[in-house]
Amino acid sequence: MTGFPAGSRARIALAVTAAAGLTLVVSGCGGSSGSSKSADGTVTITVNDMPAKTDPVNRKIFLDDVAAFEKLNPKIKVTPHEGQMDPQTFSTKLAGGQLENAFYVYYTDPAGLIAKHQAADITPYLSKFPAVNQVKPELRKVFQDDKGHTYGLPEGNYSMGLVYNRALFKQAGLDPDRPPTTWDEVRADAKKIAALGKGYIGYGDYSKSNTGGWHFTAEMYSRGGDVAKQQSDGTWKADFDNATGRAVLQQLHDMRWTDDSMGQRQLLEWADLLQMMGAGKLGMYLATSDNIPTIAAQYKGDPKDYGLGPIPGGKGTLAGGGGFMFNPKDTPEQIKAAMAWVTFKYENPDRIELGAQRAAQAKQPVGLPEPNIWTGAAAQAKTAADTKYANVPVANYAPFQKTIAGIPLVLEPPKAQQIYAVLDTVMAKVLTDKNADADSLLSNASKQVDSLLAAQ
């Protein structure tokens with residue numbers, strides 16, 4: 001879901017920061033906003049993604065990295081800004097010369113920016129940064145056009161899995177090392193957990209504040225379906241008023257009304273399921289791995305009680321994350337300087353261990369299966385660092401870790417938040433009205449989503 005609540009992106013765990021020994025001295029010239037050339041040829045670049053003052057631990061790490069980078073690259077000066085790319089103000093900032101030289105975007109943004117020529121083509125400079133080749137190809141592709149040109153660099157990723165309560169699995173006679181991998185198994189296990197007694201809920205789901213639509217989308221992907229499909233002419237159409245969409249709703253209807261394994265309290269939003277899991281009353285729900293330390297830190301759950309399994313169905317998993325793109329007004333010198341910073345801080349295999357060490361020292365979670373942007377030797381280095389500095393029960397996430405490589409990653413649809421708001425209504429109706437008409441709900445929602453997509 002684009003724009004998780006604060007704290008959901010495990011910044012230190014994925015931001016492996018600086019490049020020991022990486023130096024890139026470039027000459028500079030004027031151009032885009034916030035960049036200048038001094039008399040000695042120093043290039044000044046603006047970048048965003050600096051944590052706010054309300055996050056002092058990560059802010060200090062960020063500023064320490066700026067200092068380390070500038071020491072290794074004395075001809076580059078970094079001016080950091082808080083925040084990330086805001087689609088509502090992006091065009092105005094670009095036109096007004098206020099856009100950073102390197103700016104953070106979510107994975108749903110690059111295609112539109114590339115089509116509108118609102119990001120610089122960095123293809124000619126990639127050879128100077130060989131570590132980029134160790135980033136997962138499917139993540140790099142997010143920042144490429146149909147000709148294979150590259151316009152950005154990944155920073156982190158997540159994909160959906162099944163968070164479950166291992167303690168409740170044991171109490172219900174289920175094997176905590178073998179979470180369900182199909183929706184039929186989810187239903188069967190949820191019934192056993194709900195049978196533990198009053199107040200126990202086998203499976204939880206969302207239906208409010210765009211989270212219901214987000215989960216509907218994830219459940220569609222898990223069954224090999226989609227929510228929006230691009231047409232041959234480049235336009236998009238809704239793609240859930242079909243047998244797959246009805247299967248998603250039928251599953252929820254049956255667990256809610258036939259099995260009574262979802263509880264009577266509905267219209268839940270993001271924090272509700274984490275709170276219920278922390279209280280030890282919820283068996284399972286779809287989530288990303290970073291929910292687990294949040295459950296422990298904010299909702300007093302015991303980290304040892306929670307496991308992470310693959311998304312049921314396994315035909316696709318909703319994936320997201322973000323990375324950096326570059327101002328289309330940048331000069332070549334500014335692009336190279338900005339790429340040097342991004343690879344220094346976010347795409348550097350040489351200091352993966354430092355990233356894990358600093359995270360552990362800051363009492364941030366180390367050992368979660370994601371975010372992990374790496375392949376090959378870098379992926380092995382991350383596994384080794386996570387094992388060495390792990391402060392979470394890594395073995396509990398083995399069912400997810402073993403299967404994720406074989407499950408296709410599917411990005412969020414265009415206009416994701418608006419679509420999720422429409423689909424919230426579908427989820428809410430099915431979970432609060434035993435006689436809800438699934439066909440009518442899907443048909444009406446499909447028409448609304450078609451209108452949204454036609455207006456983009």
# chains A, B, ... in the order shown; residues from 1 in each chain; ligands from 1
$ residues_around --residues "Lys415 (chain A)" --least-positions-apart "6" --cutoff "12 Å" --atoms "only C-alpha atoms" --output "PyMOL selection string"
chain A and resi 1-2+87+108-109+112+210+213-214+227-228+236-238+421-422+449-456
$ select_by_dssp --residues "region 25-161 of chain A" --states "alpha helix (DSSP H)" --output "ChimeraX atom specification"
/A:56-72,90-95,110-115,137-140
$ write_last_selection --atoms "N, CA and C atoms" --output "compact mmCIF listing (two decimals), in the first residue's frame"
# COMPACT_ATOMS: atom_id res chain seq x y z
N PRO A 56 14.93 10.86 15.34
CA PRO A 56 16.32 11.30 15.51
C PRO A 56 17.36 10.23 15.20
N VAL A 57 17.06 8.96 15.47
CA VAL A 57 18.04 7.90 15.22
C VAL A 57 18.36 7.81 13.73
N ASN A 58 17.33 7.69 12.91
CA ASN A 58 17.56 7.56 11.47
C ASN A 58 18.03 8.86 10.85
N ARG A 59 17.62 9.98 11.40
CA ARG A 59 18.11 11.27 10.88
C ARG A 59 19.62 11.39 11.09
N LYS A 60 20.08 11.01 12.28
CA LYS A 60 21.52 11.08 12.55
C LYS A 60 22.29 10.16 11.61
N ILE A 61 21.79 8.95 11.40
CA ILE A 61 22.45 8.03 10.47
C ILE A 61 22.51 8.64 9.07
N PHE A 62 21.42 9.24 8.64
CA PHE A 62 21.38 9.87 7.32
C PHE A 62 22.45 10.96 7.22
N LEU A 63 22.51 11.85 8.21
CA LEU A 63 23.47 12.96 8.17
C LEU A 63 24.90 12.46 8.31
N ASP A 64 25.10 11.39 9.06
CA ASP A 64 26.43 10.78 9.13
C ASP A 64 26.86 10.26 7.76
N ASP A 65 25.90 9.70 7.03
CA ASP A 65 26.21 9.20 5.69
C ASP A 65 26.53 10.35 4.73
N VAL A 66 25.83 11.46 4.87
CA VAL A 66 26.15 12.62 4.05
C VAL A 66 27.60 13.04 4.29
N ALA A 67 27.98 13.12 5.56
CA ALA A 67 29.35 13.53 5.89
C ALA A 67 30.37 12.54 5.34
N ALA A 68 30.08 11.23 5.47
CA ALA A 68 31.01 10.22 4.97
C ALA A 68 31.14 10.29 3.45
N PHE A 69 30.01 10.51 2.78
CA PHE A 69 30.02 10.61 1.32
C PHE A 69 30.83 11.82 0.87
N GLU A 70 30.62 12.94 1.51
CA GLU A 70 31.33 14.15 1.11
C GLU A 70 32.83 14.03 1.37
N LYS A 71 33.20 13.28 2.40
CA LYS A 71 34.62 13.06 2.67
C LYS A 71 35.26 12.24 1.56
N LEU A 72 34.53 11.24 1.07
CA LEU A 72 35.06 10.41 -0.02
C LEU A 72 34.97 11.12 -1.37
N PHE A 90 4.34 17.60 -7.51
CA PHE A 90 5.53 17.29 -8.30
C PHE A 90 5.68 18.21 -9.51
N SER A 91 4.64 18.30 -10.33
CA SER A 91 4.74 19.08 -11.57
C SER A 91 5.04 20.55 -11.28
N THR A 92 4.44 21.06 -10.21
CA THR A 92 4.68 22.46 -9.84
C THR A 92 6.13 22.66 -9.42
N LYS A 93 6.66 21.73 -8.63
CA LYS A 93 8.05 21.84 -8.20
C LYS A 93 9.01 21.74 -9.38
N LEU A 94 8.69 20.84 -10.32
CA LEU A 94 9.54 20.68 -11.49
C LEU A 94 9.54 21.95 -12.33
N ALA A 95 8.35 22.47 -12.60
CA ALA A 95 8.24 23.68 -13.42
C ALA A 95 8.86 24.88 -12.74
N PRO A 110 7.14 5.64 -11.36
CA PRO A 110 8.06 5.79 -12.49
C PRO A 110 7.44 5.73 -13.87
N ALA A 111 6.52 4.81 -14.11
CA ALA A 111 5.96 4.68 -15.47
C ALA A 111 5.36 6.00 -15.95
N GLY A 112 4.60 6.66 -15.09
CA GLY A 112 3.98 7.93 -15.48
C GLY A 112 5.00 9.02 -15.68
N LEU A 113 6.01 9.08 -14.81
CA LEU A 113 7.03 10.12 -14.95
C LEU A 113 7.86 9.91 -16.21
N ILE A 114 8.16 8.65 -16.52
CA ILE A 114 8.92 8.36 -17.74
C ILE A 114 8.11 8.75 -18.98
N ALA A 115 6.82 8.41 -18.99
CA ALA A 115 5.97 8.72 -20.14
C ALA A 115 5.86 10.22 -20.37
N PRO A 137 16.61 -7.86 -10.96
CA PRO A 137 16.20 -7.33 -12.27
C PRO A 137 14.76 -6.84 -12.30
N GLU A 138 13.86 -7.55 -11.57
CA GLU A 138 12.46 -7.13 -11.60
C GLU A 138 12.25 -5.78 -10.94
N LEU A 139 13.13 -5.42 -10.01
CA LEU A 139 13.04 -4.10 -9.39
C LEU A 139 13.64 -3.03 -10.29
N ARG A 140 14.74 -3.37 -10.95
CA ARG A 140 15.33 -2.41 -11.89
C ARG A 140 14.39 -2.12 -13.05
$ residues_around --residues "Thr288 (chain A)" --least-positions-apart "3" --cutoff "7 Å" --atoms "only C-alpha atoms" --output "VMD selection string"
chain A and resid 158 to 161 291
$ select_by_dssp --residues "region 236-318 of chain A" --states "strand (DSSP E)" --output "ChimeraX atom specification"
/A:236-238,282-287,306-309,317-318
$ closest_residue --among "A:Asp239, A:Asp121, A:Asp305, A:Asp40" --to "Asp177 (chain A)" --atoms "only C-alpha atoms"
A:Asp305
$ closest_residue --among "A:Ala428, A:Leu162, A:Ile292, A:Ile407" --to "Pro312 (chain A)" --atoms "only C-alpha atoms"
A:Leu162
$ atom_distance --atom1 "CA of Leu409 (chain A)" --atom2 "CA of Asn157 (chain A)"
10.3 Å
$ residues_around --residues "Lys198 (chain A)" --least-positions-apart "6" --cutoff "12 Å" --atoms "only C-alpha atoms" --output "list in words"
Asp260, Ser261, Met262, Gly263, Gln264, Lys281 and Leu282 of chain A
$ write_last_selection --atoms "C-alpha atoms" --output "mmCIF file, in the first residue's frame"
data_model
loop_
_atom_site.group_PDB
_atom_site.id
_atom_site.type_symbol
_atom_site.label_atom_id
_atom_site.label_comp_id
_atom_site.auth_asym_id
_atom_site.auth_seq_id
_atom_site.Cartn_x
_atom_site.Cartn_y
_atom_site.Cartn_z
ATOM 1 C CA ASP A 260 -17.726 -17.304 12.136
ATOM 2 C CA SER A 261 -13.920 -17.383 12.098
ATOM 3 C CA MET A 262 -13.423 -13.667 11.397
ATOM 4 C CA GLY A 263 -15.233 -12.253 14.404
ATOM 5 C CA GLN A 264 -18.150 -9.854 14.541
ATOM 6 C CA LYS A 281 -6.362 -13.087 19.908
ATOM 7 C CA LEU A 282 -5.831 -13.111 16.143
#
$ residues_around --residues "Asn391 (chain A)" --least-positions-apart "4" --cutoff "12 Å" --atoms "only C-alpha atoms" --output "list of chain:residue names"
A:Ala13, A:Pro293, A:Pro303, A:Lys304, A:Ala356, A:Gln357, A:Ala359, A:Ala360, A:Gln361, A:Ala362, A:Lys363, A:Gln364, A:Pro365, A:Val366, A:Gly367, A:Leu368, A:Ala385, A:Asp386, A:Thr387, A:Ala395
$ atom_distance --atom1 "CA of Tyr346 (chain A)" --atom2 "CA of Glu155 (chain A)"
5.6 Å
$ atom_distance --atom1 "CA of Leu286 (chain A)" --atom2 "CA of Tyr389 (chain A)"
26.7 Å
$ residues_around --residues "Trp257 (chain A)" --least-positions-apart "6" --cutoff "9 Å" --atoms "only C-alpha atoms" --output "short mmCIF file (atom, residue, chain, number, x, y, z; two decimals) with N, CA, C and O atoms, in the first residue's frame"
data_model
loop_
_atom_site.label_atom_id
_atom_site.label_comp_id
_atom_site.auth_asym_id
_atom_site.auth_seq_id
_atom_site.Cartn_x
_atom_site.Cartn_y
_atom_site.Cartn_z
N LEU A 431 -18.39 -8.06 4.45
CA LEU A 431 -18.05 -8.42 5.83
C LEU A 431 -19.07 -7.93 6.86
O LEU A 431 -18.99 -8.32 8.03
N ASP A 433 -22.63 -7.50 5.79
CA ASP A 433 -23.98 -7.85 5.31
C ASP A 433 -23.95 -9.28 4.78
O ASP A 433 -23.37 -9.56 3.73
N LYS A 434 -24.59 -10.17 5.51
CA LYS A 434 -24.59 -11.59 5.14
C LYS A 434 -25.20 -11.81 3.76
O LYS A 434 -24.82 -12.75 3.04
#
$ closest_residue --among "A:Gln448, A:Asn48, A:Gln251, A:Thr217" --to "Leu318 (chain A)" --atoms "only C-alpha atoms"
A:Thr217
$ closest_residue --among "A:Ser209, A:Thr44, A:Gln84, A:Thr244" --to "Gln417 (chain A)" --atoms "only C-alpha atoms"
A:Ser209
$ residues_around --residues "Ile295 (chain A)" --least-positions-apart "6" --cutoff "10 Å" --atoms "only C-alpha atoms" --output "list in words"
Ala271, Leu273, Leu274, Gln275, Met276, Met277, Gly278, Ala279, Gly301, Asp302, Pro303 and Tyr306 of chain A
$ decode --residues "region 425-440 of chain A" --atoms "all heavy atoms" --output "CSV table (one decimal), in the first residue's frame"
chain,number,residue,atom,x,y,z
A,425,THR,N,-15.5,-0.3,-0.1
A,425,THR,CA,-16.9,-0.5,0.0
A,425,THR,C,-17.3,-1.9,-0.3
A,425,THR,O,-18.2,-2.5,0.4
A,425,THR,CB,-17.7,0.5,-1.0
A,425,THR,OG1,-17.3,1.8,-0.8
A,425,THR,CG2,-19.2,0.3,-0.9
A,426,VAL,N,-16.7,-2.5,-1.3
A,426,VAL,CA,-17.0,-3.9,-1.6
A,426,VAL,C,-16.6,-4.8,-0.4
A,426,VAL,O,-17.4,-5.7,0.0
A,426,VAL,CB,-16.2,-4.4,-2.8
A,426,VAL,CG1,-16.4,-5.9,-3.1
A,426,VAL,CG2,-16.6,-3.5,-4.0
A,427,MET,N,-15.4,-4.6,0.2
A,427,MET,CA,-15.0,-5.4,1.3
A,427,MET,C,-15.9,-5.2,2.5
A,427,MET,O,-16.3,-6.1,3.2
A,427,MET,CB,-13.6,-5.1,1.7
A,427,MET,CG,-12.6,-5.4,0.6
A,427,MET,SD,-12.2,-7.2,0.5
A,427,MET,CE,-11.1,-7.4,1.9
A,428,ALA,N,-16.2,-3.9,2.8
A,428,ALA,CA,-17.1,-3.6,3.9
A,428,ALA,C,-18.5,-4.3,3.8
A,428,ALA,O,-19.0,-4.8,4.8
A,428,ALA,CB,-17.2,-2.1,4.1
A,429,LYS,N,-19.0,-4.2,2.7
A,429,LYS,CA,-20.4,-4.8,2.5
A,429,LYS,C,-20.4,-6.3,2.7
A,429,LYS,O,-21.3,-6.8,3.4
A,429,LYS,CB,-20.9,-4.4,1.1
A,429,LYS,CG,-22.4,-4.7,0.8
A,429,LYS,CD,-23.2,-3.7,1.6
A,429,LYS,CE,-24.7,-3.9,1.3
A,429,LYS,NZ,-25.5,-3.0,2.1
A,430,VAL,N,-19.4,-7.0,2.1
A,430,VAL,CA,-19.4,-8.4,2.3
A,430,VAL,C,-19.2,-8.8,3.7
A,430,VAL,O,-19.7,-9.8,4.2
A,430,VAL,CB,-18.3,-9.0,1.4
A,430,VAL,CG1,-18.0,-10.5,1.7
A,430,VAL,CG2,-18.7,-8.9,-0.1
A,431,LEU,N,-18.4,-8.1,4.5
A,431,LEU,CA,-18.1,-8.4,5.8
A,431,LEU,C,-19.1,-7.9,6.9
A,431,LEU,O,-19.0,-8.3,8.0
A,431,LEU,CB,-16.7,-7.9,6.2
A,431,LEU,CG,-15.5,-8.5,5.4
A,431,LEU,CD1,-14.2,-7.8,5.7
A,431,LEU,CD2,-15.4,-10.0,5.8
A,432,THR,N,-20.0,-7.1,6.4
A,432,THR,CA,-21.0,-6.6,7.4
A,432,THR,C,-22.5,-7.0,7.0
A,432,THR,O,-23.4,-6.8,7.8
A,432,THR,CB,-20.9,-5.1,7.5
A,432,THR,OG1,-21.2,-4.4,6.2
A,432,THR,CG2,-19.6,-4.6,8.1
A,433,ASP,N,-22.6,-7.5,5.8
A,433,ASP,CA,-24.0,-7.8,5.3
A,433,ASP,C,-24.0,-9.3,4.8
A,433,ASP,O,-23.4,-9.6,3.7
A,433,ASP,CB,-24.4,-6.9,4.2
A,433,ASP,CG,-25.8,-7.2,3.7
A,433,ASP,OD1,-26.4,-8.2,4.1
A,433,ASP,OD2,-26.3,-6.4,2.8
A,434,LYS,N,-24.6,-10.2,5.5
A,434,LYS,CA,-24.6,-11.6,5.1
A,434,LYS,C,-25.2,-11.8,3.8
A,434,LYS,O,-24.8,-12.8,3.0
A,434,LYS,CB,-25.4,-12.4,6.2
A,434,LYS,CG,-25.4,-13.9,5.9
A,434,LYS,CD,-26.1,-14.6,7.1
A,434,LYS,CE,-26.1,-16.1,6.9
A,434,LYS,NZ,-26.8,-16.8,8.0
A,435,ASN,N,-26.1,-11.0,3.4
A,435,ASN,CA,-26.8,-11.1,2.1
A,435,ASN,C,-26.3,-10.2,1.0
A,435,ASN,O,-27.0,-9.9,0.0
A,435,ASN,CB,-28.3,-10.9,2.3
A,435,ASN,CG,-28.9,-11.9,3.3
A,435,ASN,OD1,-28.7,-13.1,3.2
A,435,ASN,ND2,-29.7,-11.4,4.2
A,436,ALA,N,-25.1,-9.7,1.1
A,436,ALA,CA,-24.5,-8.8,0.1
A,436,ALA,C,-24.5,-9.5,-1.2
A,436,ALA,O,-24.2,-10.7,-1.3
A,436,ALA,CB,-23.1,-8.4,0.6
A,437,ASP,N,-24.8,-8.8,-2.3
A,437,ASP,CA,-24.8,-9.3,-3.6
A,437,ASP,C,-23.4,-9.0,-4.3
A,437,ASP,O,-23.1,-7.9,-4.7
A,437,ASP,CB,-25.9,-8.5,-4.4
A,437,ASP,CG,-26.0,-9.1,-5.9
A,437,ASP,OD1,-25.1,-9.8,-6.4
A,437,ASP,OD2,-27.1,-8.8,-6.5
A,438,ALA,N,-22.6,-10.0,-4.3
A,438,ALA,CA,-21.2,-9.9,-4.8
A,438,ALA,C,-21.2,-9.5,-6.2
A,438,ALA,O,-20.4,-8.6,-6.6
A,438,ALA,CB,-20.5,-11.2,-4.6
A,439,ASP,N,-22.1,-10.0,-7.1
A,439,ASP,CA,-22.1,-9.6,-8.5
A,439,ASP,C,-22.3,-8.1,-8.7
A,439,ASP,O,-21.7,-7.5,-9.4
A,439,ASP,CB,-23.1,-10.4,-9.2
A,439,ASP,CG,-22.7,-11.9,-9.4
A,439,ASP,OD1,-21.5,-12.2,-9.3
A,439,ASP,OD2,-23.6,-12.7,-9.7
A,440,SER,N,-23.3,-7.6,-7.9
A,440,SER,CA,-23.6,-6.2,-8.0
A,440,SER,C,-22.5,-5.4,-7.5
A,440,SER,O,-22.2,-4.3,-8.1
A,440,SER,CB,-24.9,-5.9,-7.3
A,440,SER,OG,-25.3,-4.6,-7.3
